[in-house]
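Source file: input-v1.txt. Holds: compact mmCIF, C-alpha atoms.
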# COMPACT_ATOMS: atom_id res chain seq x y z
CA MET K 1397 -30.19 -38.37 -25.53
CA LYS K 1398 -29.74 -35.91 -22.76
CA THR K 1399 -32.31 -33.32 -21.83
CA THR K 1400 -31.25 -29.87 -20.78
CA THR K 1401 -32.03 -30.75 -17.17
CA ASP K 1402 -29.66 -33.74 -17.32
CA ILE K 1403 -26.89 -31.58 -18.67
CA SER K 1404 -27.34 -28.91 -16.09
CA ILE K 1405 -27.36 -31.51 -13.32
CA THR K 1406 -24.17 -33.06 -14.71
CA GLU K 1407 -22.63 -29.63 -14.88
CA GLN K 1408 -23.69 -28.88 -11.36
CA VAL K 1409 -22.19 -32.14 -10.08
CA GLU K 1410 -18.97 -31.46 -11.95
CA ALA K 1411 -18.90 -27.90 -10.66
CA ALA K 1412 -19.48 -29.06 -7.09
CA ASP K 1413 -16.76 -31.68 -7.48
CA SER K 1414 -14.30 -29.15 -8.83
CA LEU K 1415 -15.36 -26.72 -6.09
CA SER K 1416 -14.58 -29.07 -3.22
CA SER K 1417 -11.45 -30.48 -4.83
CA GLN K 1418 -10.14 -26.96 -5.52
CA LEU K 1419 -11.01 -25.85 -1.98
CA LYS K 1420 -9.16 -28.87 -0.61
CA ALA K 1421 -6.19 -28.45 -2.96
CA GLY K 1422 -5.88 -24.80 -1.97
CA PHE K 1423 -6.04 -25.66 1.71
CA ILE K 1424 -3.40 -28.39 1.38
CA ALA K 1425 -1.08 -26.31 -0.81
CA ASN K 1426 -1.04 -23.60 1.85
CA LEU K 1427 -0.42 -25.91 4.82
CA VAL K 1428 3.32 -25.57 4.26
CA VAL K 1429 3.29 -21.78 4.59
CA ALA K 1430 0.61 -21.91 7.29
CA ALA K 1431 3.24 -23.32 9.64
CA SER K 1432 5.30 -20.17 9.32
CA VAL K 1433 2.19 -17.97 9.41
CA ALA K 1434 1.35 -19.53 12.79
CA ALA K 1435 4.97 -19.05 13.89
CA TYR K 1436 5.11 -15.33 13.27
CA GLY K 1437 1.49 -15.03 14.35
CA SER K 1438 2.59 -16.24 17.76
CA VAL K 1439 5.05 -13.35 17.91
CA LEU K 1440 2.21 -10.90 17.21
CA GLY K 1441 0.15 -12.59 19.94
CA LEU K 1442 2.99 -12.12 22.44
CA ILE K 1443 3.35 -8.41 21.63
CA ALA K 1444 -0.42 -7.84 21.64
CA ALA K 1445 -0.75 -9.42 25.08
CA LYS K 1446 1.97 -7.10 26.39
CA LYS K 1447 0.16 -4.10 24.86
CA GLY K 1448 -3.03 -5.03 26.70
CA LEU K 1449 -5.17 -6.23 23.80
CA SER K 1450 -7.65 -8.88 24.87
CA TRP K 1451 -7.75 -12.15 22.92
CA VAL K 1452 -11.22 -11.25 21.61
CA GLU K 1453 -9.99 -7.92 20.23
CA LEU K 1454 -7.02 -9.63 18.61
CA LEU K 1455 -9.27 -12.31 17.11
CA VAL K 1456 -11.64 -9.69 15.69
CA MET K 1457 -8.63 -7.92 14.18
CA ASN K 1458 -7.37 -11.21 12.69
CA LEU K 1459 -10.70 -11.95 11.06
CA SER K 1460 -11.53 -8.44 9.81
CA VAL K 1461 -8.17 -6.86 8.92
CA PHE K 1462 -6.32 -10.10 8.17
CA ALA K 1463 -3.01 -8.60 7.06
CA GLY K 1464 0.11 -9.70 8.92
CA SER K 1465 2.55 -6.84 8.56
CA ALA K 1466 -0.18 -4.22 8.98
CA GLN K 1467 -1.35 -5.86 12.19
CA PHE K 1468 2.20 -5.80 13.54
CA VAL K 1469 2.34 -2.05 12.91
CA MET K 1470 -1.15 -1.54 14.41
CA VAL K 1471 -0.18 -3.34 17.60
CA ASP K 1472 3.11 -1.45 17.66
CA MET K 1473 1.18 1.86 17.59
CA TRP K 1474 -1.30 0.58 20.19
CA LEU K 1475 -0.88 3.16 22.94
CA PRO K 1476 -3.77 4.95 24.65
CA PRO K 1477 -5.29 7.23 23.53
CA LEU K 1478 -5.43 5.21 20.32
CA PRO K 1479 -4.31 7.39 17.37
CA ILE K 1480 -7.05 6.26 14.99
CA ALA K 1481 -6.07 8.48 12.04
CA GLU K 1482 -2.37 7.57 12.21
CA ILE K 1483 -3.08 3.85 12.56
CA THR K 1484 -5.53 3.88 9.65
CA LEU K 1485 -3.09 5.78 7.43
CA ALA K 1486 -0.27 3.37 8.34
CA VAL K 1487 -2.50 0.39 7.51
CA LEU K 1488 -3.45 2.01 4.18
CA VAL K 1489 0.19 2.51 3.21
CA ILE K 1490 1.37 -0.94 4.23
CA ASN K 1491 -1.57 -2.59 2.51
CA MET K 1492 -1.35 -0.44 -0.63
CA ARG K 1493 0.18 -3.51 -2.24
CA TYR K 1494 -3.20 -5.24 -1.99
CA LEU K 1495 -4.41 -2.86 -4.68
CA LEU K 1496 -1.86 -4.50 -6.95
CA VAL K 1497 -2.44 -7.94 -5.49
CA GLY K 1498 -6.17 -7.56 -6.16
CA ALA K 1499 -5.52 -6.34 -9.69
CA SER K 1500 -3.20 -9.26 -10.42
CA LEU K 1501 -6.00 -11.66 -9.48
CA GLU K 1502 -8.27 -10.29 -12.18
CA PRO K 1503 -7.67 -13.18 -14.67
CA LEU K 1504 -8.75 -15.64 -11.96
CA PHE K 1505 -11.99 -13.68 -11.40
CA ALA K 1506 -12.63 -13.10 -15.11
CA GLU K 1507 -16.14 -14.62 -15.20
CA LYS K 1508 -17.20 -13.89 -11.66
CA THR K 1509 -20.01 -11.61 -10.50
CA LEU K 1510 -19.48 -8.56 -8.32
CA LYS K 1511 -21.00 -10.42 -5.37
CA GLU K 1512 -18.54 -13.30 -5.77
CA LYS K 1513 -15.66 -10.84 -6.06
CA MET K 1514 -16.79 -9.10 -2.88
CA VAL K 1515 -16.94 -12.37 -0.97
CA PHE K 1516 -13.80 -14.11 -2.21
CA ILE K 1517 -11.44 -11.13 -2.18
CA HIS K 1518 -11.50 -10.72 1.61
CA LEU K 1519 -9.50 -13.86 2.36
CA VAL K 1520 -6.60 -12.87 0.11
CA ALA K 1521 -3.33 -12.82 2.03
CA ASP K 1522 0.19 -12.68 0.61
CA GLU K 1523 0.67 -16.40 1.12
CA ASN K 1524 -2.42 -17.88 -0.52
CA TRP K 1525 -2.25 -15.24 -3.24
CA ALA K 1526 1.35 -16.25 -4.04
CA MET K 1527 0.41 -19.95 -4.00
CA THR K 1528 -2.54 -19.30 -6.27
CA MET K 1529 -0.61 -17.15 -8.73
CA ALA K 1530 2.30 -19.62 -8.87
CA ARG K 1531 -0.14 -22.41 -9.74
CA PHE K 1532 -2.06 -20.22 -12.18
CA ARG K 1533 1.21 -19.38 -13.99
CA ARG K 1534 1.97 -23.09 -14.40
CA LYS K 1535 -1.38 -23.24 -16.24
CA GLU K 1536 -2.84 -25.85 -13.88
CA LEU K 1537 -6.57 -25.63 -13.22
CA THR K 1538 -6.91 -22.90 -10.60
CA THR K 1539 -10.20 -21.34 -9.48
CA VAL K 1540 -11.27 -18.87 -6.84
CA TRP K 1541 -12.07 -21.88 -4.65
CA PHE K 1542 -8.38 -22.75 -4.62
CA LEU K 1543 -7.75 -19.18 -3.45
CA LEU K 1544 -10.44 -19.49 -0.77
CA GLY K 1545 -9.16 -22.88 0.44
CA GLY K 1546 -5.77 -21.30 0.89
CA GLY K 1547 -7.31 -18.27 2.59
CA ILE K 1548 -9.15 -20.44 5.11
CA CYS K 1549 -5.94 -22.37 5.81
CA VAL K 1550 -3.85 -19.22 6.26
CA GLN K 1551 -6.45 -17.43 8.37
CA GLY K 1552 -6.90 -20.53 10.53
CA ALA K 1553 -3.14 -20.72 11.11
CA TRP K 1554 -2.95 -16.96 11.71
CA CYS K 1555 -5.68 -17.12 14.37
CA ALA K 1556 -4.26 -20.26 15.97
CA GLY K 1557 -0.75 -18.80 16.07
CA THR K 1558 -1.75 -15.40 17.45
CA MET K 1559 -4.07 -16.93 20.04
CA ALA K 1560 -1.36 -19.36 21.17
CA GLY K 1561 1.12 -16.46 21.39
CA HIS K 1562 -1.39 -14.41 23.36
CA ARG K 1563 -1.96 -17.25 25.84
CA LEU K 1564 1.71 -18.10 26.18
CA GLY K 1565 2.68 -14.43 26.49
CA THR K 1566 4.25 -14.96 29.86
CA VAL K 1567 5.90 -18.32 29.11
CA ILE K 1568 7.92 -17.43 26.00
CA SER K 1569 9.63 -14.23 27.00
CA ASN K 1570 12.21 -14.31 24.22
CA PRO K 1571 10.77 -15.54 20.88
CA GLU K 1572 13.81 -14.17 19.01
CA GLN K 1573 15.91 -16.94 20.49
CA PHE K 1574 14.04 -19.51 18.44
CA GLY K 1575 14.36 -17.52 15.24
CA LEU K 1576 10.59 -16.96 15.17
CA ASP K 1577 10.97 -13.33 14.09
CA PHE K 1578 13.01 -14.57 11.12
CA ALA K 1579 10.17 -16.87 10.01
CA PHE K 1580 8.63 -13.87 8.22
CA VAL K 1581 11.77 -13.22 6.15
CA ALA K 1582 12.30 -16.92 5.48
CA VAL K 1583 8.80 -17.62 4.21
CA PHE K 1584 8.77 -14.59 1.92
CA THR K 1585 12.25 -15.41 0.61
CA ALA K 1586 11.08 -18.92 -0.24
CA LEU K 1587 7.92 -17.52 -1.84
CA VAL K 1588 9.61 -14.80 -3.88
CA PHE K 1589 12.04 -17.21 -5.52
CA SER K 1590 9.13 -19.34 -6.66
CA PHE K 1591 8.29 -16.28 -8.81
CA TRP K 1592 11.69 -16.21 -10.48
CA ARG K 1593 11.01 -16.46 -14.24
CA GLY K 1594 14.61 -16.66 -15.45
CA ARG K 1595 17.27 -14.28 -16.69
CA GLN K 1596 14.76 -11.66 -17.78
CA ASP K 1597 14.08 -10.98 -14.10
CA LEU K 1598 17.73 -10.40 -13.20
CA TRP K 1599 18.01 -6.62 -13.74
CA PRO K 1600 14.49 -5.76 -12.58
CA TRP K 1601 15.09 -7.72 -9.39
CA ILE K 1602 18.48 -6.10 -8.73
CA VAL K 1603 16.88 -2.68 -9.21
CA THR K 1604 13.94 -3.70 -6.99
CA ALA K 1605 16.26 -4.77 -4.18
CA LEU K 1606 18.34 -1.57 -4.44
CA LEU K 1607 15.27 0.69 -4.52
CA ALA K 1608 13.65 -1.10 -1.58
CA PHE K 1609 16.86 -0.92 0.45
CA ILE K 1610 17.46 2.78 -0.26
CA ALA K 1611 13.80 3.74 0.21
CA GLU K 1612 13.65 1.95 3.55
CA LYS K 1613 16.60 4.05 4.75
CA LEU K 1614 15.30 7.38 3.42
CA ILE K 1615 11.52 7.25 3.78
CA PRO K 1616 9.80 6.50 7.08
CA GLY K 1617 7.15 3.80 7.14
CA LYS K 1618 6.52 1.04 4.66
CA TRP K 1619 6.79 3.02 1.40
CA TYR K 1620 9.80 0.93 0.39
CA ILE K 1621 7.46 -1.95 -0.52
CA LEU K 1622 5.76 0.22 -3.15
CA VAL K 1623 8.91 2.04 -4.29
CA GLY K 1624 10.85 -1.19 -4.88
CA GLY K 1625 7.95 -3.18 -6.28
CA ILE K 1626 6.73 -0.53 -8.69
CA GLY K 1627 10.26 0.51 -9.71
CA GLY K 1628 11.34 -3.04 -10.57
CA ALA K 1629 8.11 -3.84 -12.40
CA LEU K 1630 8.39 -0.57 -14.39
CA LEU K 1631 11.85 -1.62 -15.55
CA THR K 1632 10.39 -4.94 -16.75
CA ALA K 1633 7.70 -3.03 -18.64
CA ILE K 1634 10.09 -0.69 -20.46
CA MET K 1635 12.74 -3.32 -21.24
CA PRO K 1636 12.73 -4.40 -24.91
CA VAL K 1637 10.27 -7.26 -25.45
CA SER K 1638 12.70 -9.15 -27.70
CA HIS K 1639 15.10 -9.44 -24.80
CA GLN K 1640 12.40 -11.02 -22.68
CA GLN K 1641 11.25 -13.38 -25.41
CA LYS K 1642 14.76 -14.78 -25.85
CA SER K 1643 14.72 -16.33 -22.42
CA GLN K 1644 11.00 -16.81 -22.01
CA GLY K 1645 8.57 -16.71 -24.91
CA GLU K 1646 5.65 -18.67 -23.48
CA LYS K 1647 4.26 -16.56 -20.68
CA ASN K 1648 3.57 -13.18 -22.22
CA ASN K 1649 0.09 -13.84 -23.54
CA GLY K 1650 -1.64 -14.27 -20.18
CA MET N 70 -7.76 1.60 30.09
CA VAL N 71 -8.62 2.17 26.47
CA ASP N 72 -12.28 2.68 25.67
CA SER N 73 -13.71 -0.47 24.11
CA ALA N 74 -15.68 1.44 21.46
CA MET N 75 -12.47 3.20 20.43
CA ILE N 76 -10.65 -0.13 20.10
CA TYR N 77 -13.29 -1.50 17.76
CA ALA N 78 -13.40 1.77 15.82
CA VAL N 79 -9.65 1.49 15.16
CA ILE N 80 -9.99 -2.15 14.10
CA ALA N 81 -12.99 -1.34 11.88
CA ALA N 82 -11.17 1.54 10.18
CA ALA N 83 -8.17 -0.70 9.47
CA ALA N 84 -10.45 -3.47 8.21
CA VAL N 85 -12.36 -1.15 5.86
CA ALA N 86 -9.11 0.32 4.52
CA THR N 87 -7.63 -3.12 3.84
CA TYR N 88 -10.78 -4.55 2.29
CA SER N 89 -11.21 -1.50 0.05
CA LEU N 90 -7.69 -1.94 -1.29
CA ARG N 91 -8.21 -5.64 -1.99
CA LEU N 92 -11.55 -5.17 -3.74
CA GLY N 93 -10.52 -1.86 -5.36
CA GLY N 94 -7.55 -3.50 -7.05
CA LEU N 95 -9.68 -6.34 -8.35
CA LEU N 96 -12.42 -4.05 -9.69
CA LEU N 97 -9.99 -1.56 -11.20
CA ALA N 98 -8.06 -4.29 -12.99
CA GLY N 99 -11.01 -4.99 -15.29
CA ARG N 100 -10.57 -1.56 -16.86
CA LEU N 101 -6.85 -1.96 -17.38
CA PRO N 102 -5.21 -3.12 -20.63
CA LYS N 103 -4.53 -6.85 -21.07
CA THR N 104 -1.41 -6.59 -23.23
CA GLY N 105 1.60 -4.39 -23.80
CA LYS N 106 3.75 -2.50 -21.33
CA PHE N 107 1.11 -2.24 -18.64
CA ARG N 108 0.46 -5.95 -18.72
CA ARG N 109 4.19 -6.71 -18.42
CA PHE N 110 4.28 -4.31 -15.49
CA MET N 111 1.44 -6.15 -13.75
CA ASP N 112 2.96 -9.55 -14.51
CA ALA N 113 6.27 -8.53 -12.96
CA LEU N 114 4.64 -7.05 -9.82
CA PRO N 115 4.11 -10.18 -7.70
CA GLY N 116 7.83 -10.97 -7.71
CA THR N 117 9.07 -7.42 -7.24
CA ILE N 118 6.61 -6.58 -4.44
CA LEU N 119 7.47 -9.70 -2.45
CA LEU N 120 11.15 -8.97 -3.01
CA SER N 121 10.79 -5.38 -1.74
CA LEU N 122 8.95 -6.67 1.30
CA ILE N 123 11.88 -8.82 2.44
CA VAL N 124 14.99 -6.90 1.34
CA PRO N 125 15.26 -4.46 4.31
CA ALA N 126 14.32 -7.18 6.81
CA ALA N 127 16.92 -9.54 5.35
CA PHE N 128 19.55 -6.77 5.47
CA ALA N 129 18.64 -6.01 9.09
CA ALA N 130 19.02 -9.65 10.12
CA GLY N 131 22.81 -9.43 10.20
CA PHE N 132 25.48 -11.78 8.86
CA TRP N 133 23.71 -15.03 9.76
CA GLY N 134 20.45 -13.59 8.55
CA TRP N 135 22.13 -13.03 5.20
CA ILE N 136 23.45 -16.60 5.11
CA ALA N 137 20.02 -17.90 6.09
CA THR N 138 18.29 -15.79 3.43
CA ALA N 139 20.73 -16.98 0.75
CA CYS N 140 20.26 -20.64 1.72
CA THR N 141 16.47 -20.22 1.78
CA ALA N 142 16.54 -18.60 -1.67
CA LEU N 143 18.83 -21.28 -3.12
CA CYS N 144 16.73 -24.11 -1.70
CA SER N 145 13.55 -22.52 -3.05
CA LEU N 146 15.07 -22.06 -6.52
CA ARG N 147 16.43 -25.61 -6.69
CA THR N 148 13.67 -27.64 -5.02
CA GLY N 149 10.58 -25.41 -5.19
CA ASN N 150 9.79 -26.66 -1.68
CA ILE N 151 8.72 -23.58 0.30
CA PHE N 152 8.40 -25.26 3.67
CA ALA N 153 11.82 -26.95 3.54
CA SER N 154 13.37 -23.67 2.39
CA MET N 155 11.78 -21.81 5.28
CA VAL N 156 12.87 -24.40 7.86
CA ILE N 157 16.47 -24.14 6.63
CA GLY N 158 16.42 -20.33 7.06
CA VAL N 159 14.85 -20.34 10.52
CA THR N 160 17.12 -23.15 11.72
CA ILE N 161 20.27 -21.29 10.64
CA VAL N 162 19.13 -18.14 12.48
CA ALA N 163 18.05 -20.05 15.61
CA VAL N 164 21.31 -22.04 15.77
CA SER N 165 23.46 -18.94 15.21
CA ARG N 166 21.64 -17.15 18.04
CA TYR N 167 21.92 -20.18 20.30
CA PHE N 168 25.70 -19.96 19.96
CA GLY N 169 25.50 -16.22 20.45
CA THR N 170 27.06 -15.13 17.19

The structure given in the file should be rewritten as structure tokens.
Amino acid sequence: MKTTTDISITEQVEAADSLSSQLKAGFIANLVVAASVAAYGSVLGLIAAKKGLSWVELLVMNLSVFAGSAQFVMVDMWLPPLPIAEITLAVLVINMRYLLVGASLEPLFAEKTLKEKMVFIHLVADENWAMTMARFRRKELTTVWFLLGGGICVQGAWCAGTMAGHRLGTVISNPEQFGLDFAFVAVFTALVFSFWRGRQDLWPWIVTALLAFIAEKLIPGKWYILVGGIGGALLTAIMPVSHQQKSQGEKNNG
Amino acid sequence: MVDSAMIYAVIAAAAVATYSLRLGGLLLAGRLPKTGKFRRFMDALPGTILLSLIVPAAFAAGFWGWIATACTALCSLRTGNIFASMVIGVTIVAVSRYFGT
């Protein structure tokens, strides 16, 4: 017969085991995208070096802001005297999607305390979030440690890539020649089609693409991400449910 | 030279803004409905946001960028292998640029 202490110790061992295995699984699952994160990180490093940012400043930015496209825009706007209000506003707009990204992670954090939420949410990037959500959708065991493992992997690659780019700033004068600037498009294309749920997504995705394309032409800045994303998702929401159930049926009770 | 304090102020402001959005979304989500239209909206968001993120960049990448994007998408749909899909896309773009097209 087990005492309560035995049970709690067993539970703790199991929890620790699941913790490290999830951390490891998350890290490994993200290694594939980390390669491309490092690749376009190196492009950011090159530009930052040319703009006069020191490697320490860039590293601090990597660790504290940790948002690829926003950092590109920050470095792009990096001209003395630094326009702090404009840069902050630009970062807010580009990263507005993290509001939605954070909200979409709520099921994963269902039983977590505020403190845990505050700690784990920082290392959420597009890549490890997408990996985590894709796995979560397949109903495999996925915890916040999987998310964190991925976050550590992606941030490690991001720092390594940007630092390498910063150091090699003078050696690689033309990163476009190697298609490195396209790595960003390629990795997100590969990621987005892992979210394809079947025919029900066809019209919302067509509308999303059209809205994003038109918005990018008409509205300055990065608003197109929100216009396209929200527009397409709204269409999904207002489409008749029966139509969605025909082709899907199993995923709507998450 | 840019003042060092100013540099870190800019970075800190960007960091606070980004972190607030991440945490704000997570905390707000707890108060949002779990079923119905809003839920379907939230479930569709990951795909549509990522799609919006790439569409203008893919358009801007020119003819070979289009081909590369299509091949990347097809490979991802068929194999589910993100790294292989990405390598295919980057290789097509790099090769096309090497030959100056």

Specify as a VMD selection string all residues of chain K found within 7 Å of chain N, counting only C-alpha atoms.
chain K and resid 1428 to 1429 1457 1460 to 1461 1476 to 1477 1480 1484 1487 to 1488 1491 to 1492 1494 to 1502 1514 1517 to 1518 1573 to 1575 1578 to 1579 1581 to 1591 1601 1604 to 1605 1608 to 1609 1612 1620 to 1622 1624 to 1626 1628 to 1630 1632 to 1634

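Nearest to Gln1467 of chain K of all the residues K:Glu1536, K:Leu1598, K:Glu1507, K:Thr1558 is K:Thr1558, counting all atoms listed in the file.
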
Edge lengths and centre, in Å to one decimal, as AutoDock Vina command-line options: that's what I need for the box along x, y and z that holds all listed atoms of segment 129-132 of chain N plus 6 Å on each side.
--center_x 22.1 --center_y -8.9 --center_z 9.5 --size_x 18.8 --size_y 17.8 --size_z 13.3

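Going from atom CA of Arg1533 of chain K over to atom CA of Val1489 of chain K, you cover 27.9 Å.
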
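Taking atom CA of Phe1468 of chain K and atom CA of Val1452 of chain K as endpoints, the distance between them is 16.6 Å.
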
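We find atom CA of Ile1602 of chain K and atom CA of Ala1521 of chain K to be spaced 25.2 Å apart.
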
Write out as a ChimeraX atom specification each polymer residue whose atoms come within 7 Å of segment 1434-1442 of chain K, counting all atoms listed in the file; drop sequence neighbours fewer than 5 positions from it.
/K:1468,1553-1554,1556-1562,1565,1571,1576-1577,1579-1580

Residues within 9 Å of Lys1447 of chain K, only C-alpha atoms, excluding chain neighbours under 5 positions, as a PDB file with C-alpha atoms, in the coordinates of the input:
ATOM      1  CA  LEU K1442       2.990 -12.120  22.440  1.00  0.00           C
ATOM      2  CA  VAL K1471      -0.180  -3.340  17.600  1.00  0.00           C
ATOM      3  CA  ASP K1472       3.110  -1.450  17.660  1.00  0.00           C
ATOM      4  CA  TRP K1474      -1.300   0.580  20.190  1.00  0.00           C
ATOM      5  CA  LEU K1475      -0.880   3.160  22.940  1.00  0.00           C
TER       6      LEU K1475
END
